[in-house]
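A.B. asks: Have a look at this one.
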Amino acid sequence: MSDTQSAPPLPIIIEISKIDVQIAGLLAQQKSIETERVIRKQALDVQTLKRNARVKILEEKRAINLREEKSVKIERERINERRRALNTLNNYKLQQAAEREIEFVAKQIGQREDLLLGLMREVEILERDIAEIDGVVKGLQEEGAAFEREAELTLQTVGTSLGECNEERAQQVTLIGNNSALIIYNRVRDRFPMNPVVALINRDTCAGCHMKVGPQVIVQISRGDVVKCPGCGRLLKLSAE
């Protein structure tokens, strides 16, 4: 391990950082898929709850409508019986009273029939709403199924790539050994997973926070030392130029 410890750690850290950036991107891709799954499930759950609420109201309206229809039918049969009985009355006053009663009940039945018509319209609206929701649910389910097929393929590819990256990273880590530079780098990577190591712009400016650094920093980096930016804390490297 002595030969690896004497070697400049920065080039190896740079290679590890490139792998870690790839890993961070792959993990972000995984997280994005999981987030999309949650969003799609929530959208489907909302529509399902909405449909269930409509169905419950529809069942209640249908039950009321059925009871009212039966009640109105019974009342109409009673009126018909009273009208038939009216012809058998010989007393004029009794006939007048019976006719007024029939007229009053008929008026009440008319009002209840108006309510029935209103109930029927409500039932039609609810049925139409449920049909529309069913269409939305079907669309969400079909889109979700297509998304899941694509997501599974993507996750398999991402999983394979993660395995390869982790294996490659482990090989790089063995090259650097127990050098304290790796501990420093890991801490920086936890803060800046997508760009733990940044280049110096014009050989004097951090590309992460645009803070200028002194010539001593450039000397250290040129030697292959691991140097943190005094501004943002990222590790610094010389630019490809």
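The chains in the structure tokens are called A, B, ... from first to last as shown; in each chain the residues are counted from 1, and the ligands are counted from 1 in the order shown.
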Give me, as a list in words, the residues of region 51-202 of chain A that a backbone DSSP run labels strand (DSSP E).

C.D. replies: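 These are the residues in question: Val197, Val198, Ala199, Leu200 and Ile201 of chain A.
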
A.B. asks: Write down as a PyMOL selection string the residues of region 56-213 of chain A whose backbone DSSP state falls under alpha helix (DSSP H).

C.D. replies: chain A and resi 56-86+92-176+180-191

A.B. asks: Can you spit out the residues from that selection as a short mmCIF file (atom, residue, chain, number, x, y, z; two decimals), in the first residue's frame, using C-alpha atoms?

C.D. replies:
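File out13.cif, as written:
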```
data_model
loop_
_atom_site.label_atom_id
_atom_site.label_comp_id
_atom_site.auth_asym_id
_atom_site.auth_seq_id
_atom_site.Cartn_x
_atom_site.Cartn_y
_atom_site.Cartn_z
CA LYS A 56 -72.79 6.35 -3.26
CA ILE A 57 -74.88 9.45 -3.97
CA LEU A 58 -76.30 7.79 -7.09
CA GLU A 59 -77.38 4.73 -5.11
CA GLU A 60 -79.08 6.96 -2.53
CA LYS A 61 -80.87 8.96 -5.24
CA ARG A 62 -82.02 5.79 -6.99
CA ALA A 63 -83.35 4.37 -3.72
CA ILE A 64 -85.28 7.59 -3.02
CA ASN A 65 -86.56 7.64 -6.59
CA LEU A 66 -87.76 4.03 -6.33
CA ARG A 67 -89.60 4.71 -3.06
CA GLU A 68 -91.25 7.83 -4.46
CA GLU A 69 -92.32 6.04 -7.63
CA LYS A 70 -93.96 3.28 -5.59
CA SER A 71 -95.61 5.81 -3.31
CA VAL A 72 -96.96 7.89 -6.21
CA LYS A 73 -98.24 4.73 -7.92
CA ILE A 74 -100.14 3.74 -4.77
CA GLU A 75 -101.63 7.23 -4.42
CA ARG A 76 -102.76 7.22 -8.05
CA GLU A 77 -104.45 3.85 -7.58
CA ARG A 78 -106.25 5.27 -4.54
CA ILE A 79 -107.42 8.28 -6.53
CA ASN A 80 -108.73 6.00 -9.25
CA GLU A 81 -110.62 4.02 -6.61
CA ARG A 82 -112.09 7.23 -5.18
CA ARG A 83 -113.16 8.37 -8.63
CA ARG A 84 -114.90 5.07 -9.22
CA ALA A 85 -116.53 5.34 -5.79
CA LEU A 86 -117.60 8.92 -6.59
CA TYR A 92 -124.39 16.07 -3.76
CA LYS A 93 -122.44 17.36 -0.75
CA LEU A 94 -120.62 14.09 -0.38
CA GLN A 95 -119.77 14.21 -4.07
CA GLN A 96 -118.39 17.74 -3.74
CA ALA A 97 -116.30 16.78 -0.72
CA ALA A 98 -114.96 13.70 -2.49
CA GLU A 99 -114.08 15.75 -5.61
CA ARG A 100 -112.23 18.34 -3.50
CA GLU A 101 -110.32 15.56 -1.76
CA ILE A 102 -109.44 13.98 -5.11
CA GLU A 103 -108.30 17.33 -6.48
CA PHE A 104 -106.15 18.01 -3.41
CA VAL A 105 -104.49 14.58 -3.53
CA ALA A 106 -103.97 14.89 -7.30
CA LYS A 107 -102.22 18.22 -6.75
CA GLN A 108 -99.96 16.64 -4.15
CA ILE A 109 -99.18 13.80 -6.52
CA GLY A 110 -98.30 16.36 -9.22
CA GLN A 111 -95.85 18.05 -6.86
CA ARG A 112 -94.27 14.71 -5.99
CA GLU A 113 -93.98 13.86 -9.67
CA ASP A 114 -92.15 17.15 -10.21
CA LEU A 115 -89.75 16.10 -7.46
CA LEU A 116 -89.38 12.74 -9.18
CA LEU A 117 -88.45 14.46 -12.43
CA GLY A 118 -85.82 16.44 -10.53
CA LEU A 119 -84.47 13.24 -9.02
CA MET A 120 -84.34 11.62 -12.44
CA ARG A 121 -82.34 14.56 -13.79
CA GLU A 122 -79.94 14.29 -10.85
CA VAL A 123 -79.56 10.57 -11.50
CA GLU A 124 -78.79 11.24 -15.17
CA ILE A 125 -76.17 13.85 -14.24
CA LEU A 126 -74.56 11.48 -11.73
CA GLU A 127 -74.52 8.65 -14.27
CA ARG A 128 -72.89 10.95 -16.81
CA ASP A 129 -70.30 12.11 -14.24
CA ILE A 130 -69.48 8.51 -13.31
CA ALA A 131 -69.09 7.59 -16.98
CA GLU A 132 -66.69 10.51 -17.46
CA ILE A 133 -64.70 9.53 -14.38
CA ASP A 134 -64.57 5.94 -15.64
CA GLY A 135 -63.04 7.26 -18.84
CA VAL A 136 -60.46 9.23 -16.90
CA VAL A 137 -59.66 6.23 -14.70
CA LYS A 138 -59.28 3.98 -17.74
CA GLY A 139 -56.96 6.51 -19.35
CA LEU A 140 -54.86 6.80 -16.19
CA GLN A 141 -54.68 3.02 -15.89
CA GLU A 142 -53.58 2.60 -19.51
CA GLU A 143 -51.00 5.39 -19.18
CA GLY A 144 -49.84 3.91 -15.90
CA ALA A 145 -49.42 0.47 -17.42
CA ALA A 146 -47.37 1.90 -20.29
CA PHE A 147 -45.30 3.94 -17.83
CA GLU A 148 -44.66 0.86 -15.67
CA ARG A 149 -43.47 -1.17 -18.66
CA GLU A 150 -41.03 1.57 -19.64
CA ALA A 151 -40.04 2.22 -16.01
CA GLU A 152 -39.18 -1.44 -15.41
CA LEU A 153 -36.90 -1.49 -18.44
CA THR A 154 -35.28 1.78 -17.35
CA LEU A 155 -34.79 0.56 -13.77
CA GLN A 156 -33.17 -2.64 -15.03
CA THR A 157 -30.75 -0.60 -17.15
CA VAL A 158 -30.08 1.79 -14.28
CA GLY A 159 -29.52 -1.11 -11.88
CA THR A 160 -27.00 -2.67 -14.25
CA SER A 161 -25.20 0.66 -14.69
CA LEU A 162 -25.13 1.23 -10.92
CA GLY A 163 -23.55 -2.17 -10.41
CA GLU A 164 -20.87 -1.40 -12.99
CA CYS A 165 -20.22 2.05 -11.52
CA ASN A 166 -19.95 0.73 -7.98
CA GLU A 167 -17.54 -1.97 -9.12
CA GLU A 168 -15.42 0.56 -10.97
CA ARG A 169 -15.49 2.89 -7.95
CA ALA A 170 -14.37 0.11 -5.64
CA GLN A 171 -11.38 -0.52 -7.93
CA GLN A 172 -10.44 3.16 -7.81
CA VAL A 173 -10.79 3.24 -4.04
CA THR A 174 -8.31 0.36 -3.72
CA LEU A 175 -5.81 2.46 -5.67
CA ILE A 176 -5.95 5.31 -3.18
CA SER A 180 -7.11 10.83 4.15
CA ALA A 181 -7.92 12.52 0.85
CA LEU A 182 -10.70 9.96 0.33
CA ILE A 183 -12.31 10.89 3.64
CA ILE A 184 -12.16 14.57 2.69
CA TYR A 185 -13.61 13.81 -0.73
CA ASN A 186 -16.49 11.70 0.64
CA ARG A 187 -17.55 14.57 2.89
CA VAL A 188 -17.48 17.00 -0.01
CA ARG A 189 -19.39 14.57 -2.22
CA ASP A 190 -22.16 14.31 0.39
CA ARG A 191 -22.64 18.10 0.09
#
```

A.B. asks: So that I can check the surroundings of region 216-226 of chain A, please list as a PDB file with C-alpha atoms, in the first residue's frame every protein, DNA and RNA residue that reaches within 8 Å of it, counting only C-alpha atoms and ignoring chain neighbours fewer than 4 positions away.

C.D. replies:
```pdb
ATOM      1  CA  PRO A   8      -0.643  11.905  -5.839  1.00  0.00           C
ATOM      2  CA  PRO A   9      -4.238  11.310  -4.721  1.00  0.00           C
ATOM      3  CA  LEU A  10      -5.934  14.006  -6.787  1.00  0.00           C
ATOM      4  CA  PRO A  11      -6.008  12.143 -10.158  1.00  0.00           C
ATOM      5  CA  ALA A 181      -7.922  12.517   0.846  1.00  0.00           C
ATOM      6  CA  ARG A 203      -6.406  28.925 -13.464  1.00  0.00           C
ATOM      7  CA  ASP A 204      -7.502  31.183 -10.624  1.00  0.00           C
ATOM      8  CA  LEU A 235     -12.366  20.108  -4.346  1.00  0.00           C
ATOM      9  CA  LEU A 236     -10.385  21.900  -7.047  1.00  0.00           C
ATOM     10  CA  LYS A 237      -8.627  20.661 -10.158  1.00  0.00           C
ATOM     11  CA  LEU A 238      -6.908  22.346 -13.065  1.00  0.00           C
TER      12      LEU A 238
END
```

A.B. asks: Quick one: residues within 7 Å of Ser17 (chain A), only C-alpha atoms counted, chain neighbours fewer than 4 positions away excluded, as an MDAnalysis selection string?

C.D. replies: chainID A and resid 13 21 196:197

A.B. asks: Restricted to C-alpha atoms, what would the selected residues look like written as a PDB file, in the first residue's frame?

C.D. replies:
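Once everything was written out, this is again_22.pdb:
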```
ATOM      1  CA  ILE A  13     -10.096  11.384  -6.623  1.00  0.00           C
ATOM      2  CA  VAL A  21     -21.463  11.929 -10.601  1.00  0.00           C
ATOM      3  CA  PRO A 196     -17.799  17.491  -5.858  1.00  0.00           C
ATOM      4  CA  VAL A 197     -14.714  18.376  -7.934  1.00  0.00           C
TER       5      VAL A 197
END
```

A.B. asks: Find the distance between CA of Gly208 (chain A) and CA of Lys228 (chain A) and write it in Å to one decimal.

C.D. replies: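 Those two atoms sit 11.3 Å apart.
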
A.B. asks: How many Å separate CA of Gly231 (chain A) from CA of Met211 (chain A)?

C.D. replies: 6.2 Å

A.B. asks: Figure out the distance between CA of Leu200 (chain A) and CA of Ala240 (chain A), please, to one decimal in Å.

C.D. replies: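 Result for CA of Ala240 (chain A) versus CA of Leu200 (chain A): 9.4 Å, one decimal.
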